[in-house]
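**Student:** My structure is below; once you've seen it, I'll send some questions.
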Amino acid sequence: MHVQLELYASLMKFLPPQAVRHRVSVEIESGSSVAALLERYQVPLEQAHLVLRNGVFLHPEERSGTLLQEGDVIAAWPPVAGG
């Protein structure tokens with residue numbers, strides 16, 4: 001199945017070469033979790049601070065049990081600071 005992976009800020013370095021800006025369409029096995037998608041692209045889970053599935057925040061404990069569906073958009077940001 002196909003899903004969109006969006007990585008922002010310092011996580012962009014984990015995107016494959018065919019990514020355009022911060023987004024790439026990827027194929028992944030049916031039944032894969034959000035955490036499995038991030039691990040596939042070697043995104044350190046502790047650095048994926050803010051993770052959204054179709055615009056809805058996923059708490060860290062939900063990421064392993066949330067299964068991907070065709071067309072999902074997964075977006076991740078690292079921890080940020082500032083003022």
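In the structure tokens, chains take the letters A, B, ... in the order shown, each chain's residues start at 1, and ligands count up from 1 in the order shown.
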Within 9 Å of region 14-30 of chain A, counting only C-alpha atoms, which residues qualify if same-chain residues fewer than 3 places away don't, as a list in words?

**Tutor:**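 Counting only C-alpha atoms, the residues come to Met1, His2, Val3, Gln4, Leu5, Glu6, Leu7, Tyr8, Ala9, Ser10, Leu11, Ser33, Leu37, Tyr41, Gln42, Val43, Leu67, Leu68, Gln69, Glu70 and Ala75 of chain A.
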
**Student:** Using DSSP assignments from the backbone, pull out every residue in chain A that falls under strand (DSSP E or B) and give it to me as a compact mmCIF listing (two decimals) with N, CA, C and O atoms, in the first residue's frame.

**Tutor:**
```
# COMPACT_ATOMS: atom_id res chain seq x y z
N HIS A 2 0.31 2.36 -0.37
CA HIS A 2 1.06 3.61 -0.45
C HIS A 2 0.61 4.59 0.65
O HIS A 2 -0.58 4.72 0.91
N VAL A 3 1.61 5.21 1.27
CA VAL A 3 1.36 6.26 2.25
C VAL A 3 2.33 7.41 1.96
O VAL A 3 3.32 7.23 1.25
N GLN A 4 2.03 8.56 2.52
CA GLN A 4 2.91 9.71 2.40
C GLN A 4 3.68 9.86 3.71
O GLN A 4 3.09 9.76 4.79
N LEU A 5 4.97 10.10 3.60
CA LEU A 5 5.81 10.35 4.76
C LEU A 5 6.35 11.77 4.65
O LEU A 5 6.94 12.13 3.63
N GLU A 6 6.11 12.56 5.67
CA GLU A 6 6.62 13.93 5.72
C GLU A 6 7.51 14.05 6.95
O GLU A 6 7.10 13.73 8.06
N LEU A 7 8.73 14.51 6.73
CA LEU A 7 9.67 14.73 7.83
C LEU A 7 10.13 16.17 7.78
O LEU A 7 10.42 16.69 6.71
N VAL A 20 10.57 15.01 -2.40
CA VAL A 20 10.47 16.38 -2.90
C VAL A 20 10.19 17.26 -1.70
O VAL A 20 9.19 17.09 -1.02
N ARG A 23 8.58 15.68 1.61
CA ARG A 23 7.54 14.66 1.45
C ARG A 23 7.93 13.62 0.42
O ARG A 23 8.54 13.92 -0.60
N VAL A 24 7.50 12.36 0.70
CA VAL A 24 7.73 11.27 -0.24
C VAL A 24 6.56 10.28 -0.13
O VAL A 24 6.01 10.07 0.96
N SER A 25 6.18 9.74 -1.26
CA SER A 25 5.20 8.66 -1.29
C SER A 25 5.98 7.36 -1.20
O SER A 25 6.93 7.15 -1.96
N VAL A 26 5.58 6.49 -0.28
CA VAL A 26 6.30 5.23 -0.08
C VAL A 26 5.33 4.07 -0.10
O VAL A 26 4.15 4.21 0.19
N GLU A 27 5.87 2.92 -0.45
CA GLU A 27 5.09 1.70 -0.41
C GLU A 27 5.53 0.92 0.82
O GLU A 27 6.73 0.80 1.10
N SER A 33 2.78 -0.63 11.17
CA SER A 33 2.43 0.43 12.11
C SER A 33 3.15 1.73 11.75
O SER A 33 4.09 1.75 10.95
N LEU A 50 6.89 14.96 17.66
CA LEU A 50 5.51 15.24 17.26
C LEU A 50 5.22 14.41 16.02
O LEU A 50 5.86 14.60 14.98
N VAL A 51 4.28 13.48 16.14
CA VAL A 51 3.92 12.62 15.01
C VAL A 51 2.42 12.74 14.79
O VAL A 51 1.63 12.57 15.73
N LEU A 52 2.05 13.03 13.54
CA LEU A 52 0.65 13.16 13.18
C LEU A 52 0.29 12.11 12.14
O LEU A 52 1.07 11.84 11.22
N ARG A 53 -0.89 11.55 12.26
CA ARG A 53 -1.46 10.67 11.23
C ARG A 53 -2.69 11.38 10.70
O ARG A 53 -3.65 11.61 11.44
N VAL A 56 -3.78 14.20 12.89
CA VAL A 56 -4.17 13.91 14.28
C VAL A 56 -2.94 13.42 15.04
O VAL A 56 -2.27 12.47 14.62
N PHE A 57 -2.65 14.07 16.18
CA PHE A 57 -1.49 13.73 17.00
C PHE A 57 -1.58 12.31 17.52
O PHE A 57 -2.63 11.86 17.99
N LEU A 67 -2.09 1.10 13.05
CA LEU A 67 -1.78 0.51 11.76
C LEU A 67 -2.09 1.49 10.64
O LEU A 67 -3.10 2.20 10.67
N VAL A 73 -1.26 9.94 5.64
CA VAL A 73 -0.15 10.89 5.64
C VAL A 73 0.42 10.92 7.05
O VAL A 73 -0.28 11.24 8.01
N ILE A 74 1.70 10.54 7.16
CA ILE A 74 2.39 10.53 8.44
C ILE A 74 3.40 11.67 8.41
O ILE A 74 4.25 11.73 7.51
N ALA A 75 3.31 12.56 9.38
CA ALA A 75 4.22 13.70 9.47
C ALA A 75 4.90 13.67 10.83
O ALA A 75 4.27 13.36 11.84
N ALA A 76 6.21 13.98 10.85
CA ALA A 76 6.97 13.94 12.11
C ALA A 76 7.90 15.14 12.20
O ALA A 76 8.51 15.55 11.20
N TRP A 77 8.00 15.67 13.42
CA TRP A 77 8.89 16.78 13.75
C TRP A 77 9.75 16.39 14.95
O TRP A 77 9.29 15.68 15.84
```

**Student:** Between CA of His49 (chain A) and CA of Arg63 (chain A), what distance in Å does the model show, to one decimal?

**Tutor:**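 Computing it gives 11.3 Å between the two atoms.
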
**Student:** Can you tell me how far CA of Glu62 (chain A) sits from CA of Val34 (chain A), in Å to one decimal?

**Tutor:**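 Interatomic distance here is 8.7 Å.
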
**Student:** Could you tell me, as a VMD selection string, which residues of region 8-81 of chain A DSSP assigns to alpha helix (DSSP H) when given the backbone?

**Tutor:** chain A and resid 34 to 40

**Student:** Go ahead and dump the residues you just picked, C-alpha atoms, as a PDB file, in the first residue's frame.

**Tutor:**
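What landed in again09.pdb:
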```
ATOM      1  CA  VAL A  34       3.381   4.096  12.209  1.00  0.00           C
ATOM      2  CA  ALA A  35       6.446   3.150  14.286  1.00  0.00           C
ATOM      3  CA  ALA A  36       7.458   0.538  11.685  1.00  0.00           C
ATOM      4  CA  LEU A  37       7.309   3.184   8.947  1.00  0.00           C
ATOM      5  CA  LEU A  38       9.567   5.513  10.912  1.00  0.00           C
ATOM      6  CA  GLU A  39      11.973   2.693  11.748  1.00  0.00           C
ATOM      7  CA  ARG A  40      12.118   1.651   8.083  1.00  0.00           C
TER       8      ARG A  40
END
```

**Student:** Give the answer as one residue: which of A:Pro78, A:Lys13, A:Gly65, A:Gly31 has the shortest atom-to-atom distance to Gln47 (chain A), using only C-alpha atoms?

**Tutor:** A:Pro78
